[in-house]
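For reference, run36.cif is printed below; it contains mmCIF, C-alpha atoms.
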```cif
data_entry
#
loop_
_atom_site.label_atom_id
_atom_site.label_comp_id
_atom_site.auth_asym_id
_atom_site.auth_seq_id
_atom_site.Cartn_x
_atom_site.Cartn_y
_atom_site.Cartn_z
CA MET R 1 6.73 -4.21 47.16
CA SER R 2 10.39 -3.40 47.64
CA ARG R 3 12.33 -2.01 44.74
CA ARG R 4 14.31 -5.22 44.52
CA GLY R 5 11.12 -7.26 44.44
CA ALA R 6 9.77 -5.11 41.61
CA ILE R 7 12.93 -5.61 39.58
CA ARG R 8 12.78 -9.36 40.17
CA LEU R 9 9.14 -9.47 39.03
CA LEU R 10 10.01 -7.51 35.93
CA VAL R 11 12.84 -9.87 35.05
CA VAL R 12 10.61 -12.93 35.58
CA LEU R 13 7.82 -11.46 33.44
CA THR R 14 10.24 -10.53 30.65
CA LEU R 15 11.70 -14.03 30.67
CA ALA R 16 8.26 -15.63 30.66
CA GLY R 17 7.18 -13.43 27.76
CA THR R 18 10.29 -14.27 25.76
CA LEU R 19 9.81 -17.99 26.42
CA ALA R 20 6.14 -17.83 25.44
CA GLY R 21 7.05 -16.04 22.22
CA ALA R 22 9.76 -18.58 21.47
CA ALA R 23 7.28 -21.42 22.12
CA VAL R 24 4.73 -19.90 19.71
CA VAL R 25 7.41 -19.82 17.03
CA TYR R 26 8.96 -23.20 17.82
CA PHE R 27 5.70 -25.13 17.98
CA GLY R 28 4.38 -23.41 14.85
CA VAL R 29 1.29 -22.16 16.64
CA TYR R 30 0.55 -19.35 14.19
CA ASN R 31 -0.95 -20.63 10.95
CA VAL R 32 0.78 -19.13 7.92
CA ALA R 33 -1.62 -20.74 5.40
CA ALA R 34 -2.95 -18.19 2.90
CA THR R 35 -6.38 -19.80 3.22
CA GLU R 36 -6.58 -18.49 6.80
CA GLN R 37 -6.95 -14.77 7.35
CA HIS R 38 -4.91 -13.27 10.18
CA THR R 39 -6.56 -13.07 13.57
CA ALA R 40 -8.33 -9.74 14.09
CA PRO R 41 -5.64 -8.23 16.38
CA VAL R 42 -2.81 -9.28 14.07
CA TYR R 43 -4.68 -7.93 11.02
CA TRP R 44 -5.28 -4.64 12.76
CA LEU R 45 -1.68 -4.34 13.90
CA LEU R 46 -0.18 -5.16 10.49
CA ASN R 47 -2.59 -2.84 8.71
CA ALA R 48 -1.92 0.06 11.07
CA ALA R 49 1.84 -0.48 10.90
CA LEU R 50 1.73 -0.56 7.09
CA LYS R 51 -0.26 2.66 6.82
CA ARG R 52 1.88 4.53 9.32
CA SER R 53 5.06 3.32 7.69
CA VAL R 54 3.99 4.46 4.22
CA ALA R 55 2.59 7.77 5.46
CA GLN R 56 5.80 8.62 7.29
CA ARG R 57 7.98 7.93 4.30
CA ALA R 58 5.80 9.40 1.57
CA GLU R 59 5.00 12.63 3.37
CA ASN R 60 7.63 14.88 1.85
CA ILE R 61 7.64 13.58 -1.71
CA ASP R 62 7.25 16.34 -4.28
CA VAL R 63 4.42 15.56 -6.66
CA PRO R 64 5.13 16.46 -10.31
CA PRO R 65 2.29 17.73 -12.54
CA LEU R 66 -0.10 14.79 -13.00
CA ASP R 67 -2.11 16.06 -15.96
CA GLY R 68 -1.96 14.01 -19.13
CA ARG R 69 -0.50 10.93 -17.50
CA ILE R 70 -3.61 8.77 -17.28
CA GLU R 71 -3.47 7.09 -20.68
CA ASN R 72 0.17 6.11 -20.39
CA GLY R 73 -0.52 5.12 -16.79
CA LEU R 74 -3.27 2.79 -17.97
CA VAL R 75 -0.95 1.08 -20.47
CA LEU R 76 1.61 0.48 -17.71
CA TYR R 77 -1.09 -0.52 -15.25
CA ARG R 78 -2.39 -3.21 -17.57
CA GLU R 79 1.10 -4.49 -18.11
CA HIS R 80 2.25 -4.55 -14.48
CA CYS R 81 -0.70 -4.20 -12.07
CA LEU R 82 -3.89 -5.60 -13.57
CA ASN R 83 -3.04 -9.25 -12.98
CA CYS R 84 -3.12 -8.79 -9.23
CA HIS R 85 -5.36 -5.78 -8.66
CA GLY R 86 -7.97 -6.09 -11.40
CA ALA R 87 -9.69 -2.89 -12.55
CA PRO R 88 -13.24 -1.49 -12.42
CA GLY R 89 -15.38 -4.46 -13.43
CA VAL R 90 -12.31 -6.57 -14.30
CA PRO R 91 -11.22 -9.38 -11.98
CA PRO R 92 -7.67 -10.06 -10.86
CA ASN R 93 -6.02 -13.15 -12.30
CA ALA R 94 -6.86 -16.42 -10.54
CA PHE R 95 -3.50 -16.71 -8.75
CA ALA R 96 -3.97 -13.30 -7.14
CA LEU R 97 -7.25 -14.39 -5.57
CA GLY R 98 -5.27 -16.97 -3.60
CA MET R 99 -3.01 -14.40 -2.00
CA THR R 100 -3.16 -13.26 1.61
CA PRO R 101 -3.21 -10.35 1.98
CA LEU R 102 -5.35 -9.92 -1.14
CA PRO R 103 -4.11 -7.25 -3.54
CA ALA R 104 -6.21 -4.18 -2.74
CA ASN R 105 -9.08 -2.87 -4.84
CA LEU R 106 -7.40 0.31 -6.02
CA ALA R 107 -10.58 2.31 -6.61
CA HIS R 108 -10.89 2.25 -2.84
CA THR R 109 -7.20 3.05 -2.42
CA ALA R 110 -7.67 6.01 -4.75
CA ARG R 111 -10.33 7.46 -2.48
CA THR R 112 -8.49 6.93 0.78
CA TRP R 113 -4.77 7.27 0.02
CA ASP R 114 -2.81 10.27 -1.11
CA VAL R 115 -1.13 10.08 -4.52
CA ARG R 116 2.26 10.33 -2.74
CA ASP R 117 1.48 7.17 -0.81
CA ILE R 118 0.44 5.39 -4.00
CA TYR R 119 3.66 6.46 -5.74
CA TRP R 120 5.74 5.34 -2.76
CA VAL R 121 4.12 1.91 -2.62
CA VAL R 122 4.53 1.34 -6.37
CA ARG R 123 8.15 2.39 -6.22
CA TYR R 124 9.28 0.60 -3.06
CA GLY R 125 6.75 -2.23 -2.68
CA ILE R 126 5.57 -3.67 0.65
CA LYS R 127 7.33 -6.48 2.48
CA MET R 128 5.48 -9.76 2.99
CA THR R 129 2.42 -8.70 1.04
CA GLY R 130 3.34 -9.73 -2.50
CA MET R 131 3.54 -6.07 -3.58
CA PRO R 132 6.79 -5.80 -5.54
CA ALA R 133 9.07 -2.79 -5.75
CA TRP R 134 9.20 -1.30 -9.25
CA GLU R 135 12.05 1.12 -8.62
CA PHE R 136 14.60 -0.94 -10.56
CA ARG R 137 12.22 -1.96 -13.31
CA VAL R 138 10.12 1.06 -14.21
CA PRO R 139 11.52 4.59 -14.72
CA ASP R 140 10.44 7.16 -12.16
CA GLU R 141 8.37 9.16 -14.65
CA GLN R 142 6.39 6.03 -15.48
CA ILE R 143 5.83 5.26 -11.81
CA TRP R 144 4.17 8.67 -11.60
CA ASP R 145 2.06 7.75 -14.65
CA ILE R 146 0.89 4.64 -12.80
CA ALA R 147 0.23 6.60 -9.60
CA ALA R 148 -1.77 9.19 -11.56
CA PHE R 149 -3.85 6.47 -13.18
CA VAL R 150 -4.52 4.72 -9.85
CA ALA R 151 -5.57 8.04 -8.30
CA ALA R 152 -7.95 8.55 -11.24
CA LEU R 153 -9.70 5.24 -10.48
CA ALA R 154 -11.69 7.12 -7.85
CA HIS R 155 -13.69 8.69 -10.68
CA LEU R 156 -13.64 6.03 -13.35
CA THR R 157 -16.79 3.94 -13.74
CA PRO R 158 -16.51 0.38 -15.08
CA ARG R 159 -17.95 1.56 -18.39
CA GLU R 160 -15.55 4.51 -18.64
CA TYR R 161 -12.64 2.22 -17.81
CA GLU R 162 -13.66 -0.17 -20.56
CA ALA R 163 -13.89 2.64 -23.11
CA LEU R 164 -10.53 4.09 -22.08
CA ALA R 165 -8.85 0.68 -22.16
CA ALA R 166 -10.27 -0.05 -25.61
CA ARG R 167 -9.03 3.31 -26.89
CA VAL R 168 -5.55 2.98 -25.43
CA GLY R 169 -4.96 -0.73 -26.09
CA THR R 170 -1.72 -2.36 -25.00
CA ARG R 171 1.27 -4.01 -26.59
CA GLU R 172 -0.27 -7.43 -26.23
CA GLY R 173 -3.73 -6.21 -27.21
CA PRO R 174 -6.80 -5.91 -25.00
CA LEU R 175 -6.95 -8.39 -22.15
CA LYS R 176 -9.67 -10.97 -21.99
CA PRO R 177 -11.55 -10.32 -18.79
CA ALA R 178 -13.05 -13.18 -16.86
CA GLU R 179 -10.80 -15.80 -18.36
CA THR R 180 -10.64 -17.33 -14.91
CA GLN R 181 -14.04 -18.81 -15.64
CA ALA R 182 -12.30 -21.30 -17.93
CA ARG R 183 -10.79 -23.13 -14.98
CA GLU R 184 -14.30 -23.95 -13.77
CA ASP R 185 -14.25 -27.60 -14.65
CA ALA R 186 -10.69 -28.14 -13.55
CA VAL R 187 -11.35 -27.08 -9.96
CA THR R 188 -13.74 -28.62 -7.44
CA PRO R 189 -15.90 -30.60 -9.88
CA THR R 190 -17.18 -32.67 -6.95
CA PRO R 191 -20.93 -32.89 -6.46
CA HIS R 192 -22.17 -30.72 -3.67
CA PRO R 193 -25.21 -30.58 -1.44
CA ALA R 194 -27.57 -28.02 -2.95
CA GLU R 195 -28.05 -26.37 0.44
CA GLY R 196 -24.39 -25.29 0.50
CA ASP R 197 -21.85 -25.25 3.29
CA ALA R 198 -21.87 -21.89 5.07
CA GLY R 199 -18.60 -22.62 6.90
CA ARG R 200 -16.82 -23.35 3.65
CA GLY R 201 -18.52 -20.32 2.12
CA LYS R 202 -17.04 -18.08 4.79
CA LYS R 203 -13.56 -19.24 3.83
CA ALA R 204 -14.39 -18.78 0.14
CA LEU R 205 -15.14 -15.08 0.83
CA GLN R 206 -11.39 -14.61 1.16
CA GLN R 207 -10.49 -16.83 -1.79
CA TYR R 208 -12.79 -14.98 -4.20
CA ALA R 209 -11.72 -11.58 -2.88
CA CYS R 210 -15.25 -10.69 -1.72
CA VAL R 211 -13.52 -9.17 1.31
CA SER R 212 -11.67 -6.66 -0.91
CA CYS R 213 -14.88 -4.81 -1.78
CA HIS R 214 -17.57 -5.53 0.81
CA GLU R 215 -17.88 -4.94 4.51
CA ILE R 216 -18.92 -8.30 5.98
CA PRO R 217 -19.67 -8.74 9.68
CA GLY R 218 -17.53 -11.33 11.44
CA VAL R 219 -14.95 -11.52 8.62
CA VAL R 220 -11.49 -10.16 9.43
CA GLY R 221 -10.21 -7.73 6.80
CA ALA R 222 -13.59 -7.17 5.14
CA ILE R 223 -13.47 -3.43 5.79
CA HIS R 224 -13.30 -1.85 2.34
CA PRO R 225 -16.61 -0.30 1.23
CA VAL R 226 -16.19 -0.47 -2.54
CA GLY R 227 -19.67 -1.93 -2.99
CA PRO R 228 -22.56 -2.21 -0.54
CA PRO R 229 -22.15 -3.81 2.90
CA LEU R 230 -23.34 -7.41 3.15
CA ALA R 231 -24.71 -7.19 6.69
CA GLY R 232 -28.36 -8.26 6.64
CA MET R 233 -27.94 -9.78 3.16
CA ALA R 234 -30.30 -12.64 4.07
CA ARG R 235 -33.15 -10.15 4.33
CA ARG R 236 -32.26 -7.84 1.45
CA GLY R 237 -34.83 -7.67 -1.33
CA PHE R 238 -32.59 -7.38 -4.37
CA ILE R 239 -29.16 -8.57 -5.40
CA GLY R 240 -27.06 -6.02 -7.27
CA GLY R 241 -30.20 -3.88 -7.38
CA VAL R 242 -31.63 -6.02 -10.18
CA LEU R 243 -32.34 -9.64 -9.15
CA PRO R 244 -34.87 -10.70 -6.50
CA ASN R 245 -32.92 -12.24 -3.63
CA THR R 246 -33.39 -15.98 -4.03
CA ARG R 247 -30.80 -18.75 -3.79
CA ALA R 248 -30.89 -19.42 -7.52
CA ASN R 249 -30.44 -15.75 -8.33
CA MET R 250 -27.64 -15.37 -5.80
CA VAL R 251 -25.76 -18.27 -7.37
CA ARG R 252 -26.31 -16.74 -10.79
CA TRP R 253 -25.10 -13.32 -9.64
CA LEU R 254 -22.03 -14.65 -7.84
CA ARG R 255 -20.99 -16.73 -10.85
CA ASP R 256 -21.55 -14.18 -13.57
CA PRO R 257 -22.52 -10.68 -12.40
CA LYS R 258 -21.53 -9.17 -15.76
CA ALA R 259 -24.13 -11.29 -17.54
CA VAL R 260 -26.80 -9.88 -15.23
CA ASP R 261 -25.60 -6.27 -15.41
CA PRO R 262 -22.85 -5.47 -17.94
CA ASP R 263 -22.15 -2.14 -16.24
CA THR R 264 -21.56 -3.47 -12.75
CA ALA R 265 -18.24 -2.91 -11.04
CA MET R 266 -18.47 -6.43 -9.63
CA PRO R 267 -16.24 -8.59 -11.77
CA ASN R 268 -16.70 -12.15 -12.87
CA LEU R 269 -14.44 -13.99 -10.43
CA GLY R 270 -14.70 -17.49 -11.86
CA VAL R 271 -16.80 -18.80 -8.95
CA THR R 272 -17.64 -22.48 -9.38
CA GLU R 273 -21.19 -23.64 -8.85
CA ARG R 274 -20.35 -25.46 -5.65
CA ASP R 275 -18.49 -22.46 -4.26
CA ALA R 276 -21.37 -20.15 -5.24
CA HIS R 277 -23.76 -22.33 -3.23
CA ASP R 278 -21.40 -22.28 -0.26
CA LEU R 279 -21.02 -18.48 -0.50
CA ALA R 280 -24.80 -18.09 -0.77
CA ALA R 281 -25.29 -20.36 2.24
CA PHE R 282 -22.98 -18.12 4.24
CA LEU R 283 -24.73 -14.94 3.05
CA GLU R 284 -28.03 -16.46 4.16
CA THR R 285 -26.67 -16.48 7.72
CA LEU R 286 -26.28 -12.67 7.64
CA ARG R 287 -29.64 -11.70 9.05
CA MET G 1 1.00 12.52 12.94
CA SER G 2 2.01 15.52 10.92
CA ARG G 3 -0.63 14.93 8.27
CA PRO G 4 -3.69 12.74 8.27
CA PHE G 5 -2.88 9.47 6.57
CA LEU G 6 -6.30 9.14 5.08
CA ARG G 7 -6.08 12.37 3.21
CA PRO G 8 -9.44 12.90 1.54
CA ARG G 9 -9.36 13.55 -2.17
CA CYS G 10 -11.18 16.52 -3.56
CA CYS G 11 -14.47 14.66 -3.87
CA VAL G 12 -14.35 13.74 -0.20
CA ALA G 13 -13.78 17.26 1.02
CA PRO G 14 -17.48 18.14 0.98
CA PHE G 15 -18.14 15.17 3.26
CA ALA G 16 -15.77 16.58 5.82
CA LEU G 17 -17.68 19.83 5.64
CA CYS G 18 -20.88 17.86 6.17
CA LEU G 19 -19.42 16.36 9.31
CA LEU G 20 -18.38 19.77 10.58
CA ALA G 21 -21.83 21.06 9.82
CA ALA G 22 -23.41 18.12 11.58
CA GLY G 23 -21.20 18.80 14.57
CA CYS G 24 -22.44 22.36 14.75
CA GLY G 25 -25.96 21.13 14.45
CA SER G 26 -27.68 24.23 13.13
CA ALA G 27 -29.86 23.78 10.08
CA SER G 28 -28.31 26.76 8.34
CA GLU G 29 -24.92 25.07 8.51
CA THR G 30 -26.02 21.84 6.87
CA HIS G 31 -25.92 23.37 3.40
CA THR G 32 -23.36 21.27 1.65
CA ALA G 33 -22.54 19.74 -1.72
CA GLY G 34 -24.96 22.28 -3.10
CA GLY G 35 -27.81 20.94 -0.98
CA ASP G 36 -29.58 21.43 2.32
CA ALA G 37 -29.16 18.31 4.45
CA GLU G 38 -31.97 19.13 6.84
CA ARG G 39 -34.44 19.49 3.97
CA GLY G 40 -32.90 16.35 2.47
CA ARG G 41 -33.87 14.37 5.56
CA GLU G 42 -37.45 15.54 5.21
CA LEU G 43 -37.48 14.69 1.49
CA LEU G 44 -36.06 11.19 2.05
CA TRP G 45 -39.04 10.60 4.29
CA GLN G 46 -41.55 12.24 1.93
CA PHE G 47 -40.40 10.22 -1.08
CA GLY G 48 -40.58 6.99 0.89
CA CYS G 49 -36.89 6.12 0.46
CA GLY G 50 -37.06 4.37 3.83
CA THR G 51 -39.44 1.79 2.43
CA CYS G 52 -36.50 0.21 0.65
CA HIS G 53 -33.42 1.53 2.45
CA ARG G 54 -32.21 1.68 6.00
CA ILE G 55 -31.22 5.29 6.67
CA GLU G 56 -30.00 6.23 10.07
CA GLY G 57 -31.56 9.51 11.16
CA VAL G 58 -34.73 9.15 9.08
CA VAL G 59 -37.67 7.95 11.14
CA GLY G 60 -39.12 4.67 9.90
CA ALA G 61 -36.38 4.17 7.30
CA VAL G 62 -35.78 0.51 8.01
CA GLY G 63 -36.33 -0.94 4.53
CA GLU G 64 -34.31 -3.94 3.43
CA VAL G 65 -35.16 -4.05 -0.23
CA GLY G 66 -32.01 -2.30 -1.38
CA PRO G 67 -28.69 -1.68 0.37
CA PRO G 68 -28.45 0.32 3.60
CA LEU G 69 -27.41 3.93 3.08
CA ASP G 70 -25.43 4.32 6.28
CA GLY G 71 -21.77 4.84 5.47
CA LEU G 72 -22.66 5.75 1.89
CA ALA G 73 -20.11 8.56 1.83
CA ARG G 74 -17.24 6.09 2.12
CA ARG G 75 -18.46 3.77 -0.62
CA VAL G 76 -16.61 3.77 -3.95
CA TYR G 77 -19.54 3.04 -6.29
CA ILE G 78 -23.20 4.00 -6.38
CA ALA G 79 -25.46 1.13 -7.49
CA GLY G 80 -22.31 -0.61 -8.68
CA VAL G 81 -22.14 1.49 -11.84
CA LEU G 82 -21.33 5.14 -10.97
CA THR G 83 -18.40 6.47 -8.99
CA ASN G 84 -19.52 8.02 -5.76
CA THR G 85 -19.58 11.81 -5.99
CA PRO G 86 -22.29 14.19 -4.75
CA GLU G 87 -23.17 15.03 -8.37
CA ASN G 88 -23.46 11.38 -9.39
CA LEU G 89 -25.50 10.53 -6.31
CA ALA G 90 -27.96 13.34 -7.10
CA ARG G 91 -28.12 12.16 -10.71
CA TRP G 92 -28.77 8.57 -9.58
CA ILE G 93 -31.54 9.65 -7.20
CA ARG G 94 -33.26 11.56 -10.02
CA MET G 95 -33.00 9.06 -12.85
CA PRO G 96 -31.93 5.56 -11.76
CA GLN G 97 -33.84 3.98 -14.64
CA ASP G 98 -31.88 6.00 -17.21
CA ILE G 99 -28.55 5.01 -15.67
CA ALA G 100 -29.30 1.34 -14.97
CA PRO G 101 -32.43 0.27 -16.88
CA LYS G 102 -32.70 -3.02 -14.98
CA THR G 103 -32.46 -1.54 -11.51
CA ALA G 104 -35.23 -2.17 -9.00
CA MET G 105 -35.03 1.48 -7.97
CA PRO G 106 -37.82 3.49 -9.55
CA ASP G 107 -37.75 7.04 -10.94
CA LEU G 108 -39.70 8.94 -8.32
CA GLY G 109 -39.94 12.34 -9.99
CA VAL G 110 -37.35 13.94 -7.75
CA THR G 111 -36.29 17.42 -8.90
CA GLU G 112 -32.67 18.44 -9.27
CA GLU G 113 -32.75 20.59 -6.15
CA GLN G 114 -34.47 17.91 -4.10
CA ALA G 115 -31.90 15.34 -5.20
CA ARG G 116 -29.09 17.66 -4.11
CA ASP G 117 -30.70 18.06 -0.71
CA MET G 118 -31.11 14.30 -0.28
CA ALA G 119 -27.50 13.74 -1.33
CA ALA G 120 -26.36 16.34 1.18
CA PHE G 121 -28.11 14.44 3.96
CA LEU G 122 -26.84 11.04 2.83
CA TYR G 123 -23.27 12.29 2.88
CA LEU G 124 -23.64 12.89 6.58
CA ARG G 125 -24.08 9.12 6.98
CA ARG G 126 -20.47 8.08 7.20
#
```
Please express the file's structure as structure tokens.
Amino acid sequence: MSRRGAIRLLVVLTLAGTLAGAAVVYFGVYNVAATEQHTAPVYWLLNAALKRSVAQRAENIDVPPLDGRIENGLVLYREHCLNCHGAPGVPPNAFALGMTPLPANLAHTARTWDVRDIYWVVRYGIKMTGMPAWEFRVPDEQIWDIAAFVAALAHLTPREYEALAARVGTREGPLKPAETQAREDAVTPTPHPAEGDAGRGKKALQQYACVSCHEIPGVVGAIHPVGPPLAGMARRGFIGGVLPNTRANMVRWLRDPKAVDPDTAMPNLGVTERDAHDLAAFLETLR
Amino acid sequence: MSRPFLRPRCCVAPFALCLLAAGCGSASETHTAGGDAERGRELLWQFGCGTCHRIEGVVGAVGEVGPPLDGLARRVYIAGVLTNTPENLARWIRMPQDIAPKTAMPDLGVTEEQARDMAAFLYLRR
């Protein structure tokens, strides 16, 4: 191909690409609904870009001494962070479960991110994720308190968290965990087929934040090993290590894990009975 | 990248050593987290852990009663109730019934040293 021909081809391809991009935007091809997870390539790209962006900017931050900050960090955490992120064994508030991306489980963040990165994200927030910037609302010293507490989540069991939270208390008193359960009757009271709808269950995995803590094959974004992987769940003998794996037990576990095992890190997420059946039906497809 | 983004915290450092050791492949270099991974593999077989767990690298460990142990090193919690550190894993292996009385996992009479060896091997399973 002549040089001129190559240039012409390049121009044509660039134009075609621009037009295709414009068409995707104009015709609203990409679904922005929070009930739909990103496609796998988009999820990967956004995730990688986020991590690289934070790492680049947080790299040279000087970390002050972090000892003795955890208790104050917990007070601030409960005031500003708990609603969206939950805590060991404590669910996020109902509205946060409807967000895409879901607010991260920070015990996992604590194990995989540096404290500088955590500080940076708390201070500056993350565009288009729902993570706000606290720079103009919380003094820098307190942002470090929060970062220190989040980093400590790597070694805080649900029981230890509960004890610490009870000891520290907050201005508005201890939070009531699992209050989302109260909305049970208000949402989806419709009768459901007892066999459950696996397709609907797959979507519910996102809406109940299952994807924040379990690796689940075929589900975009379910890549955070806080608890055990759910691959092969249909054949697993026990649920949560304590209940024989039957449909009735799975529904019971999904709806109220704390009643089965008070020490479990899995929070009560206010799953309705219908949704529990749909989730269980999906899990039964994981052979 | 001038520093790894996923900077391991202190508790993860031993896992990295495990990986290095695994890369070198010699039994003498698999001593990690206070345990001997090669002996740990043998013990996981001898105590029948594979009856209930899938464990890559242990012959016949294809059990599906409890969760698979591949990738255990990256998990945040052990049995949903303990944070995942080599010490906690060894403690769990020795006395699951003390830690979670309702768990299906039995106390198998594993000694402290044996538990450390098993933990060392399991932390190779990233």
Distance-based interface of chain G with chain R, 6 Å, counting all atoms listed in the file, as a JSON list (two decimals) with C-alpha atoms, in the coordinates of the input:
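Just written: selection.json:
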```json
[["chain", "number", "residue", "atom", "x", "y", "z"],
["G", 5, "PHE", "CA", -2.88, 9.47, 6.57],
["G", 6, "LEU", "CA", -6.30, 9.14, 5.08],
["G", 7, "ARG", "CA", -6.08, 12.37, 3.21],
["G", 64, "GLU", "CA", -34.31, -3.94, 3.43],
["G", 65, "VAL", "CA", -35.16, -4.05, -0.23],
["G", 66, "GLY", "CA", -32.01, -2.30, -1.38],
["G", 75, "ARG", "CA", -18.46, 3.77, -0.62],
["G", 76, "VAL", "CA", -16.61, 3.77, -3.95],
["G", 77, "TYR", "CA", -19.54, 3.04, -6.29],
["G", 80, "GLY", "CA", -22.31, -0.61, -8.68],
["G", 81, "VAL", "CA", -22.14, 1.49, -11.84],
["G", 82, "LEU", "CA", -21.33, 5.14, -10.97],
["G", 83, "THR", "CA", -18.40, 6.47, -8.99],
["G", 102, "LYS", "CA", -32.70, -3.02, -14.98],
["G", 103, "THR", "CA", -32.46, -1.54, -11.51],
["G", 104, "ALA", "CA", -35.23, -2.17, -9.00]]
```
Checklist entry - What is the distance between CA of Asp256 in chain R and CA of Ala209 in chain R, in Å to one decimal? => result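 Distance reported for this atom pair: 14.8 Å.
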Checklist entry - Can you tell me how far CA of Arg255 in chain R sits from CA of Ile99 in chain G, in Å to one decimal? => result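 Calculated distance between CA of Arg255 in chain R and CA of Ile99 in chain G is 23.5 Å.
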Next on the checklist: Could you list, as number ranges by chain, every residue matched by the PyMOL selection byres ((chain G and resi 54) around 8) in this structure?
Outcome noted: G: 50, 52-53, 55-56, 61-64, 67-70
Would you mind exporting C-alpha atoms of the selected residues as a PDB file, keeping the file's coordinate frame?
```
ATOM      1  CA  GLY G  50     -37.060   4.370   3.830  1.00  0.00           C
ATOM      2  CA  CYS G  52     -36.500   0.210   0.650  1.00  0.00           C
ATOM      3  CA  HIS G  53     -33.420   1.530   2.450  1.00  0.00           C
ATOM      4  CA  ILE G  55     -31.220   5.290   6.670  1.00  0.00           C
ATOM      5  CA  GLU G  56     -30.000   6.230  10.070  1.00  0.00           C
ATOM      6  CA  ALA G  61     -36.380   4.170   7.300  1.00  0.00           C
ATOM      7  CA  VAL G  62     -35.780   0.510   8.010  1.00  0.00           C
ATOM      8  CA  GLY G  63     -36.330  -0.940   4.530  1.00  0.00           C
ATOM      9  CA  GLU G  64     -34.310  -3.940   3.430  1.00  0.00           C
ATOM     10  CA  PRO G  67     -28.690  -1.680   0.370  1.00  0.00           C
ATOM     11  CA  PRO G  68     -28.450   0.320   3.600  1.00  0.00           C
ATOM     12  CA  LEU G  69     -27.410   3.930   3.080  1.00  0.00           C
ATOM     13  CA  ASP G  70     -25.430   4.320   6.280  1.00  0.00           C
TER      14      ASP G  70
END
```
Next on the checklist: I need the residue nearest Ala73 in chain G from this list: G:Arg125, G:Arg39, G:Arg116, G:Arg94. Use all atoms listed in the file for the distance.
Outcome noted: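 Closest to Ala73 in chain G of all the choices is G:Arg125.
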